[in-house]
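Contents: one structure, followed by commentary.
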Amino acid sequence: MAADEQVSAGEAIISGDSHTNGINGHTNGINGHTNGSTNGHTNGQLSSDKPKTGISVIIVGAGFGGLCAAIECHRQGHSVQLFESFKELKVLGDIISFGANAGRIFRRWHTSKGDRMSDRLRPLSIDLSSYGFNIHKYDTGEIVLNSKNPPADPEAPVFNGHRGEFHSILFNYVKDELHIPIRLGCRIEKYFETESEAGIELDTGEKITADVVIGADGVRSKARELVLGYVDKPKSSGYAVFRAWFENKDMLADPETRQFCENGDTFNGWIGPEVHFLFSTIKGGSDCCWVLTHVDDADIEESWSFPGKLEDVYKVFEGWDPMCKRIVSKTPEDKLMDWKLVYRDPLPRWVSDGGRTMLLGDSAHLFLPTSAQGATQAMEDGVTVAICLREAGKSNVGAATRAFQEIRYERVKGVQKTGETTRDMWHKADWDKVKEDPKSIAFPRDEWIHGHDAEKHAESVIGETLAKVS
């Protein structure tokens, strides 16, 4: 079945209406446009921003990267269908960060209620406009540096909040307001492509094809093998992360920890040899979350999360400021996760030989948590590929995906490196030098990263880039 053909009854499509004429946006179609209308609302839903391109897109993976790619492809006039392996939406995870370069993207997403996506995320996000970020020395607990947030830009807001809550808002926007079909519970057995189309094969044997397939289903995506021509092997990263999110009840009950929850949102970090501990309170101090990155030599084949044990966290804190253990002790153990990290070499390419299958987000490029840019860079990917497809056109999909890689590759590579440099700056801090220059351990906010406008950049270079790769 082609992605732009009729969707059969009984398929696990999560959508607000029971449309029957496919996803190309014809009369009564899934995108709700009539006679090519591209402005305003038709049948109570948002139209795309641009004329229809006739390009059909399959996106595998409904994480932040996949959802952003779907939204942006819809905005640029493409017909989109999303496939996801999970069977139902669950609010899972802990803190996630979106830089100003993601805020510009959220700000452009208008909703059927008349507001913008950024307006919906703001109430759920941490507000550090007055508190800033305190960096503590790991053993004494002294505050070495208080970094104030730069002045807020309403057109490029920064968001830090609960991964699951943010994801639910985006997922429901795609499903209920854009009416992009999302098929849940779909396990992909194989990616394939021909000269004229690309496709996926589900574990049921069903095959679905489109003009282009975007693998946005993470580092274990089977699209990687098609794109690379081989199975790449993971390596030990040498690190693991304990992480938790919980309510503030026990924090408030303790006079020693109450300070973090009774005066609004806070952000504190303790840094030491090969370890850093970040603790935040959010939503006016009602929710607490922390992340502890430490050396770990566990021999596992893939990154994976396991239930964590408080006693293992306490071992990492031996010789540290007692406040760290006190904070962690308030964590219900069922809220604690032990996230083992493995590493993969940067991929030499993100696009298949035929140009109709490509990788996006974590499928293409992994980021360390210390970059605070993983999800944001996946969003920049989605913006860029949607524009490349529009400008190249249906007859030149291969050039579009190659242009996407050309535009994004070096920037992503540079941003990836910041995760390593920030981690090493903290884990290998020379405290004598820090005493002389506390700002030497400030969390970097590089303008070339946060000041980037993915949409404007792609629009400005796509013409010359297509000429180069065609």
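Letters A, B, ... go to the chains of the structure tokens in the order shown; residues in each chain start at 1; ligands are counted from 1 in the same order.
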
Fewer than 5 positions away in the same chain doesn't count, so skip those; otherwise give me all residues within 9 Å of range 414-421 of chain A, counting only C-alpha atoms, as a PDB file with N, CA, C and O atoms, in the first residue's frame.
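Result file around.pdb:
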```pdb
ATOM      1  N   HIS A 365      22.542  11.083  14.548  1.00  0.00           N
ATOM      2  CA  HIS A 365      23.595  11.714  15.355  1.00  0.00           C
ATOM      3  C   HIS A 365      23.224  11.722  16.827  1.00  0.00           C
ATOM      4  O   HIS A 365      22.270  12.356  17.242  1.00  0.00           O
ATOM      5  N   LEU A 366      23.999  11.001  17.624  1.00  0.00           N
ATOM      6  CA  LEU A 366      23.776  10.965  19.069  1.00  0.00           C
ATOM      7  C   LEU A 366      24.407  12.182  19.744  1.00  0.00           C
ATOM      8  O   LEU A 366      25.442  12.680  19.299  1.00  0.00           O
ATOM      9  N   PHE A 367      23.788  12.628  20.827  1.00  0.00           N
ATOM     10  CA  PHE A 367      24.320  13.736  21.609  1.00  0.00           C
ATOM     11  C   PHE A 367      24.472  13.320  23.061  1.00  0.00           C
ATOM     12  O   PHE A 367      23.623  12.605  23.600  1.00  0.00           O
ATOM     13  N   LEU A 368      25.556  13.774  23.695  1.00  0.00           N
ATOM     14  CA  LEU A 368      25.691  13.597  25.126  1.00  0.00           C
ATOM     15  C   LEU A 368      24.720  14.530  25.841  1.00  0.00           C
ATOM     16  O   LEU A 368      24.436  15.632  25.347  1.00  0.00           O
ATOM     17  N   PRO A 369      24.217  14.142  27.029  1.00  0.00           N
ATOM     18  CA  PRO A 369      23.299  15.022  27.762  1.00  0.00           C
ATOM     19  C   PRO A 369      23.890  16.402  28.043  1.00  0.00           C
ATOM     20  O   PRO A 369      23.149  17.386  28.101  1.00  0.00           O
ATOM     21  N   THR A 370      25.214  16.490  28.201  1.00  0.00           N
ATOM     22  CA  THR A 370      25.844  17.775  28.524  1.00  0.00           C
ATOM     23  C   THR A 370      25.815  18.759  27.359  1.00  0.00           C
ATOM     24  O   THR A 370      26.157  19.930  27.537  1.00  0.00           O
ATOM     25  N   SER A 371      25.410  18.325  26.186  1.00  0.00           N
ATOM     26  CA  SER A 371      25.240  19.277  25.085  1.00  0.00           C
ATOM     27  C   SER A 371      23.946  20.063  25.240  1.00  0.00           C
ATOM     28  O   SER A 371      23.826  21.194  24.764  1.00  0.00           O
ATOM     29  N   ALA A 372      22.952  19.446  25.909  1.00  0.00           N
ATOM     30  CA  ALA A 372      21.605  20.027  26.051  1.00  0.00           C
ATOM     31  C   ALA A 372      21.023  20.421  24.699  1.00  0.00           C
ATOM     32  O   ALA A 372      20.226  21.351  24.599  1.00  0.00           O
ATOM     33  N   GLN A 373      21.409  19.676  23.643  1.00  0.00           N
ATOM     34  CA  GLN A 373      20.979  20.034  22.290  1.00  0.00           C
ATOM     35  C   GLN A 373      20.445  18.861  21.478  1.00  0.00           C
ATOM     36  O   GLN A 373      20.089  19.033  20.313  1.00  0.00           O
ATOM     37  N   GLY A 374      20.357  17.671  22.056  1.00  0.00           N
ATOM     38  CA  GLY A 374      19.949  16.509  21.265  1.00  0.00           C
ATOM     39  C   GLY A 374      18.600  16.668  20.603  1.00  0.00           C
ATOM     40  O   GLY A 374      18.450  16.521  19.387  1.00  0.00           O
ATOM     41  N   GLN A 377      18.490  19.686  18.050  1.00  0.00           N
ATOM     42  CA  GLN A 377      19.106  19.414  16.756  1.00  0.00           C
ATOM     43  C   GLN A 377      18.230  18.505  15.899  1.00  0.00           C
ATOM     44  O   GLN A 377      18.188  18.635  14.672  1.00  0.00           O
ATOM     45  N   TYR A 409      25.196  18.589   8.139  1.00  0.00           N
ATOM     46  CA  TYR A 409      26.215  17.678   8.669  1.00  0.00           C
ATOM     47  C   TYR A 409      27.273  18.385   9.522  1.00  0.00           C
ATOM     48  O   TYR A 409      27.533  17.992  10.662  1.00  0.00           O
ATOM     49  N   TRP A 426      33.844  20.236  33.296  1.00  0.00           N
ATOM     50  CA  TRP A 426      33.359  20.027  34.662  1.00  0.00           C
ATOM     51  C   TRP A 426      34.102  18.893  35.370  1.00  0.00           C
ATOM     52  O   TRP A 426      34.488  19.026  36.521  1.00  0.00           O
ATOM     53  N   PRO A 444      28.286  26.744  28.810  1.00  0.00           N
ATOM     54  CA  PRO A 444      28.414  27.604  27.618  1.00  0.00           C
ATOM     55  C   PRO A 444      27.075  27.855  26.933  1.00  0.00           C
ATOM     56  O   PRO A 444      26.225  26.964  26.857  1.00  0.00           O
ATOM     57  N   ILE A 449      25.196  28.511  18.188  1.00  0.00           N
ATOM     58  CA  ILE A 449      24.238  27.416  18.404  1.00  0.00           C
ATOM     59  C   ILE A 449      22.851  27.983  18.664  1.00  0.00           C
ATOM     60  O   ILE A 449      21.898  27.709  17.925  1.00  0.00           O
TER      61      ILE A 449
END
```

Legend entry - Residues within 7 Å of range 51-60 of chain A, only C-alpha atoms, excluding chain neighbours under 3 positions, as number ranges by chain: A: 3-4, 36, 38, 66, 77-84, 210-217, 390, 393-394

Inset, instruction - Find the residues around range 275-281 of chain A up to 8 Å (only C-alpha atoms counted), leave out those fewer than 4 positions away in its own chain, and share them as a list of chain:residue names. - result: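 Listed by chain and then number, they are A:Ile126, A:Phe260, A:Cys261, A:Gly264, A:Asp265, A:Thr266, A:Phe267, A:Asn268, A:Gly269, A:Trp270, A:Ile271, A:Gly285, A:Ser286, A:Asp287, A:Cys288, A:Cys289, A:Trp290, A:Val291, A:Leu292, A:Thr293, A:His294, A:Val295, A:Cys324, A:Trp426, A:His427.
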
Legend entry - Filtered DSSP result for range 174-412 of chain A, state alpha helix (DSSP H), as JSON, numbers by chain: {"A": [223, 224, 225, 226, 227, 228, 249, 250, 251, 252, 253, 310, 311, 312, 313, 314, 315, 316, 322, 323, 324, 325, 326, 327, 328, 374, 375, 376, 377, 378, 379, 380, 381, 382, 383, 384, 385, 386, 387, 388, 389, 390, 391, 392, 397, 398, 399, 400, 401, 402, 403, 404, 405, 406, 407, 408, 409, 410, 411, 412]}

Inset, instruction - Tell me, as a VMD selection string, which residues lie within 9 Å of Ile200 in chain A, counting only C-alpha atoms; anything in the same chain fewer than 5 positions away does not count. - result: chain A and resid 58 60 188 to 193 206 to 209 213

Now that the selection is made, can you save its residues with C-alpha atoms as an mmCIF file, in the first residue's frame?
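So out_28.cif came out as:
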```
data_model
loop_
_atom_site.group_PDB
_atom_site.id
_atom_site.type_symbol
_atom_site.label_atom_id
_atom_site.label_comp_id
_atom_site.auth_asym_id
_atom_site.auth_seq_id
_atom_site.Cartn_x
_atom_site.Cartn_y
_atom_site.Cartn_z
ATOM 1 C CA ILE A 58 6.715 8.204 5.786
ATOM 2 C CA VAL A 60 9.222 6.236 11.494
ATOM 3 C CA ILE A 188 9.405 -2.155 11.435
ATOM 4 C CA GLU A 189 11.082 -5.285 10.118
ATOM 5 C CA LYS A 190 12.787 -3.725 7.128
ATOM 6 C CA TYR A 191 13.379 -0.536 5.174
ATOM 7 C CA PHE A 192 13.598 -0.791 1.382
ATOM 8 C CA GLU A 193 13.729 1.460 -1.673
ATOM 9 C CA GLU A 206 2.390 -5.261 5.387
ATOM 10 C CA LYS A 207 4.430 -2.985 3.114
ATOM 11 C CA ILE A 208 3.871 0.765 2.857
ATOM 12 C CA THR A 209 5.621 2.999 0.342
ATOM 13 C CA VAL A 213 11.145 7.503 4.212
#
```

Find the residues around Gly355 in chain A up to 10 Å (only C-alpha atoms counted), leave out those fewer than 4 positions away in its own chain, and share them as a CSV table (one decimal) with C-alpha atoms, in the first residue's frame.
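Result went into selection_10.csv, see below:
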```
chain,number,residue,atom,x,y,z
A,193,GLU,CA,13.7,1.5,-1.7
A,194,THR,CA,13.6,1.4,-5.5
A,195,GLU,CA,14.4,4.1,-8.0
A,197,GLU,CA,9.9,4.9,-4.1
A,198,ALA,CA,11.0,3.9,-0.6
A,212,VAL,CA,10.7,9.3,0.9
A,213,VAL,CA,11.1,7.5,4.2
A,227,VAL,CA,21.8,3.9,4.7
A,350,TRP,CA,22.7,10.0,6.7
A,351,VAL,CA,21.2,9.3,3.3
A,396,ASN,CA,14.1,15.3,-7.4
A,397,VAL,CA,13.7,13.7,-3.9
A,398,GLY,CA,17.3,12.3,-4.0
A,399,ALA,CA,18.7,15.7,-4.4
A,400,ALA,CA,16.5,17.0,-1.5
A,401,THR,CA,17.8,14.4,1.0
A,402,ARG,CA,21.4,15.0,-0.1
```

Legend entry - Top pick for closest residue to Lys330 in chain A, considering A:Ala156, A:Leu124, A:Leu310, A:Ala375 and counting only C-alpha atoms: A:Leu310

Inset, instruction - Using DSSP on the backbone coordinates, identify the residues of range 234-448 of chain A assigned to strand (DSSP E); present them as a PyMOL selection string. - result: chain A and resi 235-247+266-272+275-282+287-295+304-307+336-343+357-359

Inset, instruction - Find the distance between CA of Ala386 in chain A and CA of Gly65 in chain A and write it in Å to one decimal. - result: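 Distance reported for this atom pair: 12.3 Å.
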
List the spatial neighbours of Ser168 in chain A as a CSV table (one decimal) with C-alpha atoms, in the first residue's frame - criterion: any atom at most 12 Å away, only C-alpha atoms, same-chain residues fewer than 5 positions off excluded.
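Okay, selection.csv is ready:
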```
chain,number,residue,atom,x,y,z
A,62,ALA,CA,7.0,9.7,16.9
A,63,GLY,CA,9.6,11.2,19.3
A,64,PHE,CA,10.4,14.9,19.2
A,67,LEU,CA,6.9,14.8,15.4
A,88,GLU,CA,-0.2,4.0,23.5
A,89,LEU,CA,1.0,7.4,24.6
A,90,LYS,CA,2.5,7.4,28.1
A,91,VAL,CA,3.9,10.4,30.1
A,92,LEU,CA,7.4,9.0,30.8
A,93,GLY,CA,10.8,10.4,31.4
A,120,ARG,CA,1.5,25.8,25.7
A,121,LEU,CA,5.0,24.8,26.8
A,124,LEU,CA,5.3,23.6,32.2
A,162,HIS,CA,9.3,17.1,31.8
A,163,ARG,CA,10.0,15.2,28.6
A,173,TYR,CA,-1.2,18.7,18.4
A,174,VAL,CA,-0.1,16.5,15.5
A,175,LYS,CA,-2.9,14.0,16.0
A,176,ASP,CA,-5.8,16.2,17.0
```
